[in-house]
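For reference, the structure discussed in these notes is given below.
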Amino acid sequence: MGAIVFETLSVQAEDGVLRVTLHRPESRNAMSLAMVDELQAVLDQAEGDGTRVLVLRGAGGHFCSGADIRDMAGARQRELSGDPWAVAAINARFGRLCAGYARTGVATVAVLEGAVMGGGLGLACVVDVALAGRSARLRLPETSLGLVPAQIATFLVERVGLSQARRLAVTGGTLTAAQAQAIGLVHEALDDGAELEAALASTLARILRCAPHAVAATKALMARAHSQTAASLVDEASRLFAEAVRGPEGAEGMAAFLQKRSPSWAV
Amino acid sequence: MGAIVFETLSVQAEDGVLRVTLHRPESRNAMSLAMVDELQAVLDQAEGDGTRVLVLRGAGGHFCSGADIRDMAGARQRELSGDPWAVAAINARFGRLCAGYARTGVATVAVLEGAVMGGGLGLACVVDVALAGRSARLRLPETSLGLVPAQIATFLVERVGLSQARRLAVTGGTLTAAQAQAIGLVHEALDDGAELEAALASTLARILRCAPHAVAATKALMARAHSQTAASLVDEASRLFAEAVRGPEGAEGMAAFLQKRSPSWAV
Amino acid sequence: MGAIVFETLSVQAEDGVLRVTLHRPESRNAMSLAMVDELQAVLDQAEGDGTRVLVLRGAGGHFCSGADIRDMAGARQRELSGDPWAVAAINARFGRLCAGYARTGVATVAVLEGAVMGGGLGLACVVDVALAGRSARLRLPETSLGLVPAQIATFLVERVGLSQARRLAVTGGTLTAAQAQAIGLVHEALDDGAELEAALASTLARILRCAPHAVAATKALMARAHSQTAASLVDEASRLFAEAVRGPEGAEGMAAFLQKRSPSWAV
C-alpha cells in the first residue's frame, strides 16, 4: 500500500488488516470525487495484495457527511455548458463504488461515529460488519433537499428491506445507533471510545480466525442467494463445498482441527 | 375531494394531508366491497390532486376487522348460480387495492387501533408508515377458518419476510403492537390516545418537510430494488439523481439550503 | 410410521403430530448420512400419511452438532480413489433435505437446545417455527475450519437476509437464543425445560386449530411471494382464495363459525 499517496484518506496496513480513514475533517469527511476514486483504488489494491479485512472509519469524530457540494455544483455547471449527464456520471461513480464494496471477497468493517449521511450511509449499508457508536447519527437528508437518495436507496433496501427503507426515505428520518441496530442497518450499537474500539478489536480477531478464501467464497454464494432461492442453489453450493474441502484451506483446517492447533491463517 | 360522497369512508383534506377514516363502526369497519371501491377511488383522487400524505385509520377504536361476511356469502351464491369466479373476482379487487397503495407515489400512513384483521392487516402491510396503539390486535385468522389469507399472505411476505410471515400463517397468531413492531410489521408501537396522536403529528410534519416528487421517485426506485440487486440499478439510479438535481425541486431545495430558509414545499 | 425402523432417529406419532428426535447422543446428534436419509424418509412419510405437524428436536440436550466427520472423511477417500464428486454428492443430499423441509406443506417446528451447528443450523433455518432454549448455541463454524458453509449459507440468507447472514459467516460467530431471536433466526427464546415445553405445547395447539390444506396452500403461496412481487401474484392469489372458499375446509370452517363450534380439524 505504501506506493500510493492518498489525498483524502489515511491508510495503514498491518497483519492483513487495512485501516482506511476518511480524512477530510474540515468537511466532516464529505465524499468528494477524489475520495470516491481513492476508496475505489484502495479496494482494488486490497483485493490484489492479500488484505484480509478492510476497516473504514472517519477522522475527527465523524464518519462521512455525504457528497461534497462543490463537486455537485461543478458537475451541474458542466451540464449547463452542454454535458447533459455530468451529474449522473459522478453519481454512478459513487454507485459503482458501493457495488464494489458490496461484492468484494475481502471482509469489510465500518466504524460509525458522528455524521453518517447520504453517501456515508451508503457505505455503511455495504460493509459486512457495521459498528456504531452512541454519537452516530444516520441520516438520509436527500428528499428534504428536493433530491433523490438514488444510489443509497437501493443499497439501503438491500440492507434493511423495503419496508424500513421506504419509511426512512419518506420521513427523511435521523436514526441513532440503537435505532439503526433495531432495524438491522448496523450490527452493534456501542458507547463511543473504549467500547467501540473493543468491539472493533474483537470483530477483527474473529474475522482473522476464519480462512480468507472460505470467507470470500461464502460471501459470493450468499450474494447469489439474495436473488435466487436457496433450493435452486443446492448443486452449485455442493460444488463449492467440495472445492473447499479439497483445497489447501480445507486440508489445513482439518489437519489443525485434528492436531488441536490453530490453522495457519489464524494470526 | 368535496365532490365525491362516500358511503363507507369519512374523508377530510387539509394542507396536503388527506385523512381517510374507515367508517362502518357497527362492523368494526369490515371491508365491504363498497369500501374497497371507495378506498380505490380515494387513492385515484389523491394521486391526481396533489395530496402529499394519505392517512388511513378506523372509526370507533378499531382499524378494520377484515372482509365483510355478507359480500362473501353473496359472491358464493353467485358461484352456485353459475358464475365460477365470483369469489375470486372480489378477492382480486382487494388485491389490486393493496397493490395500488403499495406502489403509489403519495406518502401513506396508517393508524392502527383495536382489530387489525384479514384485509385490515393487508392494508397495514402496504403503507409507508404504520403506527400501532396498544389496543391494536393484528391477526391473520383465515387458516383457522379453513381459508387461505391469499392477498394478505403475499403483502405480508413483502413486509416482514418469508420466515415471520409463514410462522404467523401456520400458527394463526395474534400480535400485539409491540410484537408487530419487533418483527417489522409496524414501525412504532405506542400508547393509544395522546401518544399515538403525537406520533402521527410528528410523522406528518417530517413527511411534509420532504419534497413530494423526490419522495415519489424514491419510493418507485426502492420498489425496483426489492426485486433487483442494487448493483444492477446503478445507472438507472444515477439518471434519477441527475433528473432530480436539475428539476424544480432540486433547484428550490439547493437555493433554500444556501439561503438557510425552508423550501417552498415545507408547509 | 410404525413400519419403518430408524437407526438415527426416534419417532413418535400421536394426534397428527409426528415427533422426530435426532438420536445419536454420543456425537451430539451429528448429522450422519444415515440421518440425512432417514430425515428425508420421515418427511416423505409425513407428507403422505396426513401428519399435520412435524416436530424436530435432539436427544441428550443438544439439537445437532453438524456433519459427521467420519462420513466426510470417507467421501474424501473416495475422491482420492477416483470419484471426483463424492463430497459434493453427500453435501447435495443434505441440501435437498433442507429444500424439502423448506417447501413441505406440513407444518414444521424445531426445538433447539445445546449445540445447533453447521447442518443443525441449516435445519433450524427451514422450519416454520423455531423455538430456542437458553442452552442453545447457534454456530456456523465452517469458515474457521477452512470450509464453506455452502448449503447452510443459502438457507440462512432466506431466513435472516443477506446482511445478518454475511456477518455471521465472516465472523464465524456463535449466537445465544436471545441473539438468534433478535435477528429473526429463531422465533422464540425461552428458558430450557418447562418454559420451552410449554411454548412447544402452545405452538402445537395453535397450529392444530388451523386447517391443514389451508396451511399448505398458504405456505406454498408465501414461498412464491419470496421470489415474486406481491402485485404480480394478485390473480393467482384470488384463485387460491376462491378454491379454499369452495373446498371442504372452507365449507366446514364457515359452518363451524356460524354455529359457534370448533371445526372438525381442531383436535
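To be explicit about the labels: the chains of the C-alpha cells are called A, B, and onward in the order shown, and within each one the residues are counted from 1, while ligands get numbers from 1 in the order they are shown.
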
With chain A as the partner and 6 Å as the cut-off, tabulate the residues of chain C that qualify, each row holding the nearest pair of atoms and their distance in Å to one decimal, using only C-alpha atoms, sorted by chain and rising number, as CSV.
residue,atom,partner,partner_atom,distance
C:Val87,CA,A:Ala242,CA,5.4
C:Ala88,CA,A:Ser238,CA,4.7
C:Asn91,CA,A:Ser238,CA,5.3
C:Ala92,CA,A:Ser238,CA,5.1
C:Gly95,CA,A:Val234,CA,5.4
C:Ala99,CA,A:Ala231,CA,5.2
C:Thr143,CA,A:Cys210,CA,5.0
C:Ser144,CA,A:Cys210,CA,4.0
C:Leu145,CA,A:Gly253,CA,4.5
C:Gly146,CA,A:Gly250,CA,4.5
C:Leu147,CA,A:Ala244,CA,5.4
C:Val148,CA,A:Ala214,CA,5.3
C:Ala150,CA,A:Ala237,CA,4.9
C:Gln151,CA,A:Ala237,CA,5.8
C:Thr154,CA,A:Ala230,CA,4.9
C:Phe155,CA,A:Ala230,CA,5.5
C:Ser163,CA,A:Arg159,CA,5.9
C:Arg167,CA,A:Asp128,CA,5.3
C:Val170,CA,A:Val215,CA,5.8
C:Thr171,CA,A:Ile207,CA,4.6

Same residues, all heavy atoms, saved as a short mmCIF file (atom, residue, chain, number, x, y, z; two decimals), in the first residue's frame:
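Output file result.cif is given in full below:
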data_model
loop_
_atom_site.label_atom_id
_atom_site.label_comp_id
_atom_site.auth_asym_id
_atom_site.auth_seq_id
_atom_site.Cartn_x
_atom_site.Cartn_y
_atom_site.Cartn_z
N VAL C 87 -17.67 -35.92 -2.35
CA VAL C 87 -18.02 -34.99 -1.27
C VAL C 87 -19.21 -34.11 -1.69
O VAL C 87 -20.15 -33.91 -0.92
CB VAL C 87 -16.80 -34.11 -0.90
CG1 VAL C 87 -17.20 -32.97 0.02
CG2 VAL C 87 -15.71 -34.96 -0.24
N ALA C 88 -19.17 -33.63 -2.93
CA ALA C 88 -20.28 -32.81 -3.41
C ALA C 88 -21.59 -33.57 -3.35
O ALA C 88 -22.64 -33.02 -2.99
CB ALA C 88 -20.00 -32.33 -4.84
N ASN C 91 -22.95 -33.68 0.14
CA ASN C 91 -23.36 -32.34 0.53
C ASN C 91 -24.69 -31.97 -0.13
O ASN C 91 -25.57 -31.38 0.51
CB ASN C 91 -22.26 -31.34 0.15
CG ASN C 91 -22.55 -29.94 0.66
OD1 ASN C 91 -23.02 -29.10 -0.11
ND2 ASN C 91 -22.32 -29.69 1.94
N ALA C 92 -24.83 -32.32 -1.40
CA ALA C 92 -26.07 -32.00 -2.12
C ALA C 92 -27.26 -32.75 -1.52
O ALA C 92 -28.38 -32.25 -1.49
CB ALA C 92 -25.93 -32.34 -3.60
N GLY C 95 -28.39 -30.69 1.16
CA GLY C 95 -29.08 -29.50 0.63
C GLY C 95 -30.49 -29.82 0.18
O GLY C 95 -31.42 -29.05 0.42
N ALA C 99 -34.06 -28.27 1.40
CA ALA C 99 -35.03 -27.74 0.43
C ALA C 99 -36.38 -28.44 0.61
O ALA C 99 -37.44 -27.81 0.51
CB ALA C 99 -34.50 -27.92 -1.00
N THR C 143 -16.22 -21.54 8.21
CA THR C 143 -15.12 -20.72 7.67
C THR C 143 -13.89 -20.78 8.56
O THR C 143 -12.77 -20.66 8.07
CB THR C 143 -15.55 -19.25 7.45
OG1 THR C 143 -16.16 -18.76 8.65
CG2 THR C 143 -16.54 -19.13 6.30
N SER C 144 -14.06 -21.00 9.86
CA SER C 144 -12.88 -21.11 10.73
C SER C 144 -12.17 -22.44 10.56
O SER C 144 -11.05 -22.62 11.04
CB SER C 144 -13.27 -20.88 12.20
OG SER C 144 -14.07 -21.94 12.65
N LEU C 145 -12.80 -23.38 9.88
CA LEU C 145 -12.17 -24.67 9.55
C LEU C 145 -11.68 -24.72 8.11
O LEU C 145 -11.31 -25.77 7.61
CB LEU C 145 -13.17 -25.81 9.78
CG LEU C 145 -13.64 -26.01 11.22
CD1 LEU C 145 -14.83 -26.94 11.28
CD2 LEU C 145 -12.47 -26.57 12.06
N GLY C 146 -11.71 -23.58 7.42
CA GLY C 146 -11.28 -23.56 6.03
C GLY C 146 -12.35 -24.04 5.07
O GLY C 146 -12.08 -24.24 3.88
N LEU C 147 -13.57 -24.21 5.56
CA LEU C 147 -14.66 -24.74 4.72
C LEU C 147 -15.69 -23.66 4.40
O LEU C 147 -15.73 -22.60 5.02
CB LEU C 147 -15.34 -25.91 5.44
CG LEU C 147 -14.40 -27.07 5.81
CD1 LEU C 147 -15.16 -28.16 6.54
CD2 LEU C 147 -13.71 -27.62 4.56
N VAL C 148 -16.55 -23.97 3.44
CA VAL C 148 -17.63 -23.06 3.05
C VAL C 148 -18.94 -23.66 3.56
O VAL C 148 -19.26 -24.80 3.23
CB VAL C 148 -17.66 -22.93 1.51
CG1 VAL C 148 -18.85 -22.10 1.07
CG2 VAL C 148 -16.36 -22.33 1.00
N ALA C 150 -21.79 -24.20 2.74
CA ALA C 150 -22.44 -23.91 1.46
C ALA C 150 -23.95 -24.03 1.51
O ALA C 150 -24.67 -23.09 1.21
CB ALA C 150 -21.84 -24.80 0.38
N GLN C 151 -24.47 -25.21 1.88
CA GLN C 151 -25.93 -25.36 1.89
C GLN C 151 -26.55 -24.47 2.97
O GLN C 151 -27.66 -23.95 2.82
CB GLN C 151 -26.33 -26.82 2.16
CG GLN C 151 -25.75 -27.82 1.17
CD GLN C 151 -26.19 -27.59 -0.26
OE1 GLN C 151 -27.16 -26.89 -0.54
NE2 GLN C 151 -25.44 -28.15 -1.19
N THR C 154 -27.06 -20.51 2.10
CA THR C 154 -28.17 -20.05 1.27
C THR C 154 -29.49 -20.06 2.05
O THR C 154 -30.29 -19.14 1.93
CB THR C 154 -28.29 -20.92 0.01
OG1 THR C 154 -28.46 -22.29 0.41
CG2 THR C 154 -27.04 -20.81 -0.85
N PHE C 155 -29.70 -21.10 2.88
CA PHE C 155 -30.93 -21.12 3.68
C PHE C 155 -30.88 -20.09 4.80
O PHE C 155 -31.91 -19.57 5.23
CB PHE C 155 -31.21 -22.53 4.20
CG PHE C 155 -31.61 -23.48 3.10
CD1 PHE C 155 -30.70 -24.33 2.52
CD2 PHE C 155 -32.91 -23.46 2.61
CE1 PHE C 155 -31.06 -25.17 1.47
CE2 PHE C 155 -33.28 -24.30 1.56
CZ PHE C 155 -32.36 -25.15 0.99
N SER C 163 -27.67 -9.35 5.03
CA SER C 163 -26.80 -8.59 5.92
C SER C 163 -26.39 -9.39 7.15
O SER C 163 -25.20 -9.51 7.48
CB SER C 163 -27.50 -7.29 6.32
OG SER C 163 -26.85 -6.67 7.39
N ARG C 167 -22.67 -11.32 7.92
CA ARG C 167 -21.92 -11.01 9.13
C ARG C 167 -21.57 -12.28 9.91
O ARG C 167 -20.46 -12.43 10.40
CB ARG C 167 -22.75 -10.08 10.00
CG ARG C 167 -22.03 -9.72 11.26
CD ARG C 167 -22.98 -9.48 12.38
NE ARG C 167 -22.31 -9.05 13.57
CZ ARG C 167 -22.90 -8.96 14.73
NH1 ARG C 167 -24.17 -9.21 14.85
NH2 ARG C 167 -22.21 -8.60 15.80
N VAL C 170 -18.77 -14.23 8.07
CA VAL C 170 -17.47 -13.56 8.05
C VAL C 170 -16.82 -13.57 9.43
O VAL C 170 -15.60 -13.64 9.56
CB VAL C 170 -17.64 -12.11 7.52
CG1 VAL C 170 -16.43 -11.26 7.83
CG2 VAL C 170 -17.92 -12.15 6.03
N THR C 171 -17.64 -13.54 10.47
CA THR C 171 -17.08 -13.51 11.83
C THR C 171 -17.11 -14.89 12.49
O THR C 171 -16.61 -15.03 13.60
CB THR C 171 -17.86 -12.53 12.73
OG1 THR C 171 -19.22 -12.96 12.80
CG2 THR C 171 -17.83 -11.13 12.18
#

From the DSSP assignment of the backbone, select every residue of region 14-247 of chain C that is alpha helix (DSSP H), and format the answer as a ChimeraX atom specification. /C:33-48,69-80,86-103,119-126,150-171,177-182,194-208,212-227,234-246

Can you write out the residues you just picked, keeping C-alpha atoms, as a short mmCIF file (atom, residue, chain, number, x, y, z; two decimals), in the first residue's frame?
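Printed below is out11.cif as written:
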data_model
loop_
_atom_site.label_atom_id
_atom_site.label_comp_id
_atom_site.auth_asym_id
_atom_site.auth_seq_id
_atom_site.Cartn_x
_atom_site.Cartn_y
_atom_site.Cartn_z
CA LEU C 33 -25.53 -39.71 6.01
CA ALA C 34 -27.88 -42.26 7.54
CA MET C 35 -29.56 -39.44 9.46
CA VAL C 36 -29.93 -37.31 6.33
CA ASP C 37 -31.63 -40.20 4.54
CA GLU C 38 -33.86 -41.00 7.49
CA LEU C 39 -34.93 -37.37 7.90
CA GLN C 40 -35.86 -37.42 4.21
CA ALA C 41 -37.80 -40.67 4.65
CA VAL C 42 -39.65 -39.26 7.66
CA LEU C 43 -40.68 -36.21 5.66
CA ASP C 44 -41.86 -38.29 2.70
CA GLN C 45 -43.96 -40.41 5.07
CA ALA C 46 -45.40 -37.38 6.86
CA GLU C 47 -46.42 -35.82 3.54
CA GLY C 48 -48.28 -39.00 2.62
CA ILE C 69 -16.67 -36.08 10.36
CA ARG C 70 -16.39 -39.80 9.50
CA ASP C 71 -18.78 -39.59 6.54
CA MET C 72 -16.83 -36.63 5.27
CA ALA C 73 -13.51 -38.48 5.61
CA GLY C 74 -14.99 -41.47 3.79
CA ALA C 75 -16.20 -39.34 0.90
CA ARG C 76 -12.83 -37.59 0.72
CA GLN C 77 -11.21 -41.02 0.50
CA ARG C 78 -13.49 -41.97 -2.40
CA GLU C 79 -12.49 -38.75 -4.15
CA LEU C 80 -8.85 -39.70 -3.86
CA ALA C 86 -18.10 -37.85 -3.78
CA VAL C 87 -18.02 -34.99 -1.27
CA ALA C 88 -20.28 -32.81 -3.41
CA ALA C 89 -22.77 -35.64 -3.71
CA ILE C 90 -23.25 -36.09 0.02
CA ASN C 91 -23.36 -32.34 0.53
CA ALA C 92 -26.07 -32.00 -2.12
CA ARG C 93 -28.07 -34.72 -0.40
CA PHE C 94 -28.16 -32.55 2.72
CA GLY C 95 -29.08 -29.50 0.63
CA ARG C 96 -32.01 -31.35 -0.92
CA LEU C 97 -33.12 -32.36 2.56
CA CYS C 98 -33.20 -28.70 3.63
CA ALA C 99 -35.03 -27.74 0.43
CA GLY C 100 -37.58 -30.47 1.09
CA TYR C 101 -38.29 -29.27 4.62
CA ALA C 102 -38.39 -25.65 3.39
CA ARG C 103 -41.12 -26.38 0.84
CA GLY C 119 -26.17 -28.75 9.32
CA GLY C 120 -28.17 -28.39 12.54
CA LEU C 121 -28.28 -24.67 11.91
CA GLY C 122 -29.42 -25.40 8.36
CA LEU C 123 -32.42 -27.38 9.62
CA ALA C 124 -33.21 -24.61 12.12
CA CYS C 125 -33.40 -22.19 9.17
CA VAL C 126 -36.09 -24.09 7.26
CA ALA C 150 -22.44 -23.91 1.46
CA GLN C 151 -25.93 -25.36 1.89
CA ILE C 152 -26.40 -23.56 5.19
CA ALA C 153 -25.36 -20.18 3.78
CA THR C 154 -28.17 -20.05 1.27
CA PHE C 155 -30.93 -21.12 3.68
CA LEU C 156 -29.54 -18.71 6.27
CA VAL C 157 -29.91 -15.86 3.77
CA GLU C 158 -33.51 -16.99 3.16
CA ARG C 159 -34.08 -16.90 6.92
CA VAL C 160 -32.37 -13.72 8.13
CA GLY C 161 -31.48 -11.78 4.98
CA LEU C 162 -28.13 -11.07 3.38
CA SER C 163 -26.80 -8.59 5.92
CA GLN C 164 -27.04 -10.72 9.06
CA ALA C 165 -26.12 -13.92 7.23
CA ARG C 166 -22.95 -12.41 5.79
CA ARG C 167 -21.92 -11.01 9.13
CA LEU C 168 -22.28 -14.42 10.77
CA ALA C 169 -20.26 -16.15 8.06
CA VAL C 170 -17.47 -13.56 8.05
CA THR C 171 -17.08 -13.51 11.83
CA ALA C 177 -31.02 -17.96 21.78
CA ALA C 178 -31.74 -14.29 22.51
CA GLN C 179 -29.28 -13.10 19.86
CA ALA C 180 -30.73 -15.54 17.35
CA GLN C 181 -34.21 -14.22 18.08
CA ALA C 182 -33.06 -10.61 17.69
CA ALA C 194 -40.67 -26.26 31.45
CA GLU C 195 -40.86 -22.93 29.59
CA LEU C 196 -39.60 -24.46 26.37
CA GLU C 197 -42.00 -27.41 26.64
CA ALA C 198 -44.92 -25.07 27.36
CA ALA C 199 -44.06 -22.97 24.29
CA LEU C 200 -43.97 -26.14 22.19
CA ALA C 201 -47.35 -27.29 23.53
CA SER C 202 -48.90 -23.90 22.86
CA THR C 203 -47.40 -23.73 19.36
CA LEU C 204 -48.79 -27.18 18.55
CA ALA C 205 -52.24 -26.26 19.90
CA ARG C 206 -52.34 -23.14 17.75
CA ILE C 207 -51.20 -24.99 14.62
CA LEU C 208 -53.81 -27.71 15.17
CA PRO C 212 -54.25 -28.41 7.13
CA HIS C 213 -54.89 -27.79 3.44
CA ALA C 214 -55.27 -24.06 4.05
CA VAL C 215 -51.92 -24.09 5.85
CA ALA C 216 -50.25 -25.98 3.00
CA ALA C 217 -51.71 -23.67 0.33
CA THR C 218 -50.66 -20.58 2.28
CA LYS C 219 -47.12 -21.87 2.75
CA ALA C 220 -46.81 -22.57 -0.97
CA LEU C 221 -48.10 -19.11 -1.88
CA MET C 222 -45.77 -17.40 0.56
CA ALA C 223 -42.79 -19.26 -0.90
CA ARG C 224 -43.71 -17.80 -4.30
CA ALA C 225 -44.06 -14.32 -2.79
CA HIS C 226 -40.47 -14.65 -1.62
CA SER C 227 -39.23 -14.52 -5.21
CA VAL C 234 -52.86 -10.88 -7.21
CA ASP C 235 -54.73 -13.04 -9.74
CA GLU C 236 -53.15 -16.30 -8.65
CA ALA C 237 -53.88 -15.48 -5.01
CA SER C 238 -57.51 -14.74 -5.84
CA ARG C 239 -57.93 -18.18 -7.43
CA LEU C 240 -56.37 -19.86 -4.38
CA PHE C 241 -58.73 -17.93 -2.17
CA ALA C 242 -61.78 -18.95 -4.23
CA GLU C 243 -60.73 -22.58 -4.25
CA ALA C 244 -60.35 -22.55 -0.47
CA VAL C 245 -63.79 -20.99 -0.02
CA ARG C 246 -65.49 -23.63 -2.14
#

Which of region 118-266 of chain C end up as strand (DSSP E or B) when DSSP is run on this backbone - answer as a VMD selection string? chain C and resid 129 to 133 137 to 139 174 to 176 188 to 190

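A straight line drawn from CA of Leu112 (chain B) to CA of Arg134 (chain B) is 9.1 Å long.
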
Take CA of Asp191 (chain C) and CA of Gly133 (chain C) and report the distance between them in Å, one decimal. 5.2 Å

Have a look at CA of Val267 (chain B) and CA of Gly50 (chain B) and let me know their distance in Å, one decimal. 13.7 Å

Using only C-alpha atoms, determine which residues lie at most 6 Å from Leu56 (chain C), disregarding the query and same-chain residues fewer than 4 positions distant; provide the list as number ranges by chain. C: 20-21, 110

Please produce a file of those selected residues containing C-alpha atoms, as a tab-separated table (two decimals), in the first residue's frame.
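Full text of result.tsv as output:
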chain	number	residue	atom	x	y	z
C	20	VAL	CA	-38.87	-36.77	15.45
C	21	THR	CA	-35.85	-36.87	17.74
C	110	ALA	CA	-37.86	-27.23	15.78

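Residue neighbourhood of region 61-66 of chain A, excluding near-sequence residues (fewer than 3 positions): Arg28, Asn29, Ala30, Met31, Arg57, Gly58, Leu112, Glu113, Gly114, Ala115, Val116, Met117, Gly118, Gly119 and Gly120 of chain A, at 7 Å, using only C-alpha atoms.
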
Go ahead and write the selection's residues with C-alpha atoms as a short mmCIF file (atom, residue, chain, number, x, y, z; two decimals), in the first residue's frame.
data_model
loop_
_atom_site.label_atom_id
_atom_site.label_comp_id
_atom_site.auth_asym_id
_atom_site.auth_seq_id
_atom_site.Cartn_x
_atom_site.Cartn_y
_atom_site.Cartn_z
CA ARG A 28 -16.82 16.08 8.25
CA ASN A 29 -15.21 13.85 5.61
CA ALA A 30 -17.58 14.84 2.83
CA MET A 31 -17.25 12.41 -0.03
CA ARG A 57 -13.82 4.93 9.58
CA GLY A 58 -13.75 8.72 9.61
CA LEU A 112 -19.58 4.71 12.52
CA GLU A 113 -19.38 7.85 14.62
CA GLY A 114 -21.00 11.29 14.35
CA ALA A 115 -22.43 12.16 10.93
CA VAL A 116 -23.30 9.14 8.76
CA MET A 117 -25.22 10.86 6.00
CA GLY A 118 -26.03 10.40 2.33
CA GLY A 119 -23.09 8.65 0.70
CA GLY A 120 -21.72 7.83 4.16
#
